[in-house]
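Chemist: Please see the structure below; I have some questions.
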Amino acid sequence: MNNKPISFRAFETKDIRELHRWFNDPVSLQTVGRTPLTYEETVTHVEQKRQNGDLLLSIEDKDCELVGWIFLQNIEYGHGRASLGILLAPESRGQGVGKYAIEEILNIGFNQLRLNKIYLTTRGKNEQAYGLYKKIGFVKEGELRNHTYIDGKYYDTYFMGLLASEWNK
């Protein structure tokens with residue numbers, strides 16, 4: 001029996017239907033600041049990420065139910081860096097799944113891929129994510145003011161990074 005709250009497996013084509021649902025969830029649209037995607041656009045998005053060599057992982061709960069996806073993209077081994085992204089199923093948010101999944105992928109990125117830095121962007125509107133990233137150890141490295149337009153209002157975008165030396169303390 002798996003006693004970890006989550007596990008990873010390769011992101012599979014069969015997972016795209018759920019990813020499409022998560023992309024178009026009203027909270028996701030609000031916090032990420034994107035427009036709804038068709039199913040075909042979601043398929044194209046995943047295919048582009050695969051062609052780019054992104055590390056795409058499905059997040060499963062202890063009952064092996066799909067609850068999210070997480071990825072390292074823009075992996076540049078020569079510079080020792082990659083960008084992190086995560087999206088959880090609406091029903092899985094606020095339960096610690098994101099924190100555990102991010103910590104697991106940081107371990108993969110720093111300890112297996114030997115990266116020096118993992119970075120991300122988040123919207124100022126998404127206070128819950130920003131707080132989680134800070135709690136995990138990410139440092140705000142920059143801010144693009146009024147960079148995202150969501151529902152008639154502009155929001156800042158934050159750049160955050162974490163170094164291997166900070167993570168492996």
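Each chain in the structure tokens gets a letter, A, B, ..., in the order shown, and its residues are numbered from 1; ligands are numbered from 1 in order too.
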When you look at region 70-86 of chain A with a cut-off of 8 Å (counting only C-alpha atoms), what residues show up, excluding the ones that are within fewer than 6 positions of it in the same chain? I need them as a list in words.
Modeler: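 The contact residues come out as Lys49, Asn52, Gly53, Asp54, Leu55, Leu56, Leu57, Ser58, Ile59, Gly98, Ala101, Ile102, Ile105, Gly109, Arg114, Leu115, Asn116, Lys117, Ile118, Tyr119 and Leu120 of chain A.
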Chemist: Tell me, as a ChimeraX atom specification, which residues lie within 10 Å of Thr35 (chain A), counting only C-alpha atoms; anything in the same chain fewer than 3 positions away does not count.
Modeler: /A:23-24,28-30,32,38,150
Chemist: I'd like to know which of A:Arg93, A:Arg9, A:His45, A:Lys153 is closest to Ala129 (chain A), using only C-alpha atoms.
Modeler: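 Checking each candidate against Ala129 (chain A), we get A:Arg93 as the closest.
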Chemist: So that I can check the secondary structure, give me every residue of chain A assigned strand (DSSP E) by backbone DSSP, as number ranges by chain.
Modeler: A: 6-10, 55-61, 66-76, 81-88, 117-123, 139-150, 153-163
Chemist: Could you save those same residues with C-alpha atoms as an mmCIF file, in the first residue's frame?
Modeler:
data_model
loop_
_atom_site.group_PDB
_atom_site.id
_atom_site.type_symbol
_atom_site.label_atom_id
_atom_site.label_comp_id
_atom_site.auth_asym_id
_atom_site.auth_seq_id
_atom_site.Cartn_x
_atom_site.Cartn_y
_atom_site.Cartn_z
ATOM 1 C CA ILE A 6 0.783 11.347 -4.003
ATOM 2 C CA SER A 7 2.864 9.606 -6.632
ATOM 3 C CA PHE A 8 4.048 10.489 -10.123
ATOM 4 C CA ARG A 9 3.751 8.613 -13.380
ATOM 5 C CA ALA A 10 4.336 9.602 -17.001
ATOM 6 C CA LEU A 55 9.297 16.447 -18.233
ATOM 7 C CA LEU A 56 5.530 15.891 -17.965
ATOM 8 C CA LEU A 57 4.220 13.956 -14.978
ATOM 9 C CA SER A 58 0.755 13.005 -13.821
ATOM 10 C CA ILE A 59 0.039 13.367 -10.118
ATOM 11 C CA GLU A 60 -1.974 10.552 -8.585
ATOM 12 C CA ASP A 61 -3.383 10.355 -5.083
ATOM 13 C CA LEU A 66 -5.419 11.431 -11.341
ATOM 14 C CA VAL A 67 -5.392 14.710 -9.366
ATOM 15 C CA GLY A 68 -3.038 16.969 -11.343
ATOM 16 C CA TRP A 69 -0.056 17.409 -13.586
ATOM 17 C CA ILE A 70 3.349 18.876 -12.933
ATOM 18 C CA PHE A 71 6.210 19.585 -15.274
ATOM 19 C CA LEU A 72 9.692 20.922 -15.739
ATOM 20 C CA GLN A 73 9.973 22.896 -18.978
ATOM 21 C CA ASN A 74 12.620 24.981 -20.715
ATOM 22 C CA ILE A 75 15.169 22.531 -19.344
ATOM 23 C CA GLU A 76 18.641 23.865 -20.105
ATOM 24 C CA ARG A 81 17.991 25.422 -14.968
ATOM 25 C CA ALA A 82 14.356 24.618 -15.680
ATOM 26 C CA SER A 83 10.947 26.191 -15.189
ATOM 27 C CA LEU A 84 8.289 24.558 -13.027
ATOM 28 C CA GLY A 85 4.566 24.367 -13.698
ATOM 29 C CA ILE A 86 1.701 22.657 -11.883
ATOM 30 C CA LEU A 87 -2.069 22.419 -12.217
ATOM 31 C CA LEU A 88 -4.319 20.508 -9.860
ATOM 32 C CA LYS A 117 18.014 26.424 -10.350
ATOM 33 C CA ILE A 118 14.285 25.859 -10.742
ATOM 34 C CA TYR A 119 12.142 28.901 -11.404
ATOM 35 C CA LEU A 120 8.514 29.774 -12.034
ATOM 36 C CA THR A 121 6.112 32.618 -12.610
ATOM 37 C CA THR A 122 2.892 33.277 -10.766
ATOM 38 C CA ARG A 123 0.260 35.986 -10.879
ATOM 39 C CA VAL A 139 12.488 33.605 -3.560
ATOM 40 C CA LYS A 140 10.797 36.423 -5.440
ATOM 41 C CA GLU A 141 13.418 37.532 -7.975
ATOM 42 C CA GLY A 142 11.420 39.998 -10.004
ATOM 43 C CA GLU A 143 8.064 41.508 -10.782
ATOM 44 C CA LEU A 144 6.416 42.550 -14.027
ATOM 45 C CA ARG A 145 3.935 45.249 -13.115
ATOM 46 C CA ASN A 146 0.407 45.117 -14.572
ATOM 47 C CA HIS A 147 1.512 42.216 -16.751
ATOM 48 C CA THR A 148 -1.677 40.118 -16.811
ATOM 49 C CA TYR A 149 -5.211 41.246 -17.604
ATOM 50 C CA ILE A 150 -7.955 39.248 -15.886
ATOM 51 C CA LYS A 153 -8.140 44.403 -14.065
ATOM 52 C CA TYR A 154 -4.348 44.256 -14.422
ATOM 53 C CA TYR A 155 -2.212 42.112 -12.119
ATOM 54 C CA ASP A 156 1.516 41.807 -11.543
ATOM 55 C CA THR A 157 3.441 38.672 -12.484
ATOM 56 C CA TYR A 158 6.119 37.468 -10.085
ATOM 57 C CA PHE A 159 9.284 35.593 -11.048
ATOM 58 C CA MET A 160 10.450 33.217 -8.332
ATOM 59 C CA GLY A 161 13.475 30.942 -8.140
ATOM 60 C CA LEU A 162 15.029 28.322 -5.935
ATOM 61 C CA LEU A 163 18.670 27.221 -6.039
#
Chemist: To one decimal place in Å, what is the distance between CA of Pro5 (chain A) and CA of Arg34 (chain A)?
Modeler: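 CA of Pro5 (chain A) sits 29.3 Å away from CA of Arg34 (chain A).
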Chemist: Interatomic distance between CA of Val43 (chain A) and CA of Gln112 (chain A)?
Modeler: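 Computing the Euclidean distance for CA of Val43 (chain A) and CA of Gln112 (chain A) yields 28.5 Å.
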Chemist: CA of Gly94 (chain A) to CA of Lys4 (chain A): how many Å, to one decimal?
Modeler: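 Straight-line distance from CA of Gly94 (chain A) to CA of Lys4 (chain A) works out to 17.0 Å.
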Chemist: With only C-alpha atoms as the atoms that count, which of A:Phe110, A:Val97, A:Asp15, A:Val27 lies nearest to Lys62 (chain A)?
Modeler: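 For Lys62 (chain A), the nearest of the candidates is A:Val97.
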Chemist: Assign secondary structure with DSSP using the backbone only, and return the residues of region 11-133 of chain A in helix (DSSP H, G or I) as number ranges by chain.
Modeler: A: 13-23, 26-33, 39-51, 90-92, 97-112, 127-133
Chemist: Do you know which residues are at most 9 Å from Thr42 (chain A) counting only C-alpha atoms, after dropping those on the same chain fewer than 2 positions away, and could you put them as a PyMOL selection string?
Modeler: chain A and resi 16-17+19-20+23+37-40+44-47
Chemist: With only C-alpha atoms as the atoms that count, which of A:Gly137, A:Lys14, A:Gln128, A:Pro90 lies nearest to Lys169 (chain A)?
Modeler: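 Smallest separation from Lys169 (chain A) among the options: A:Gly137.
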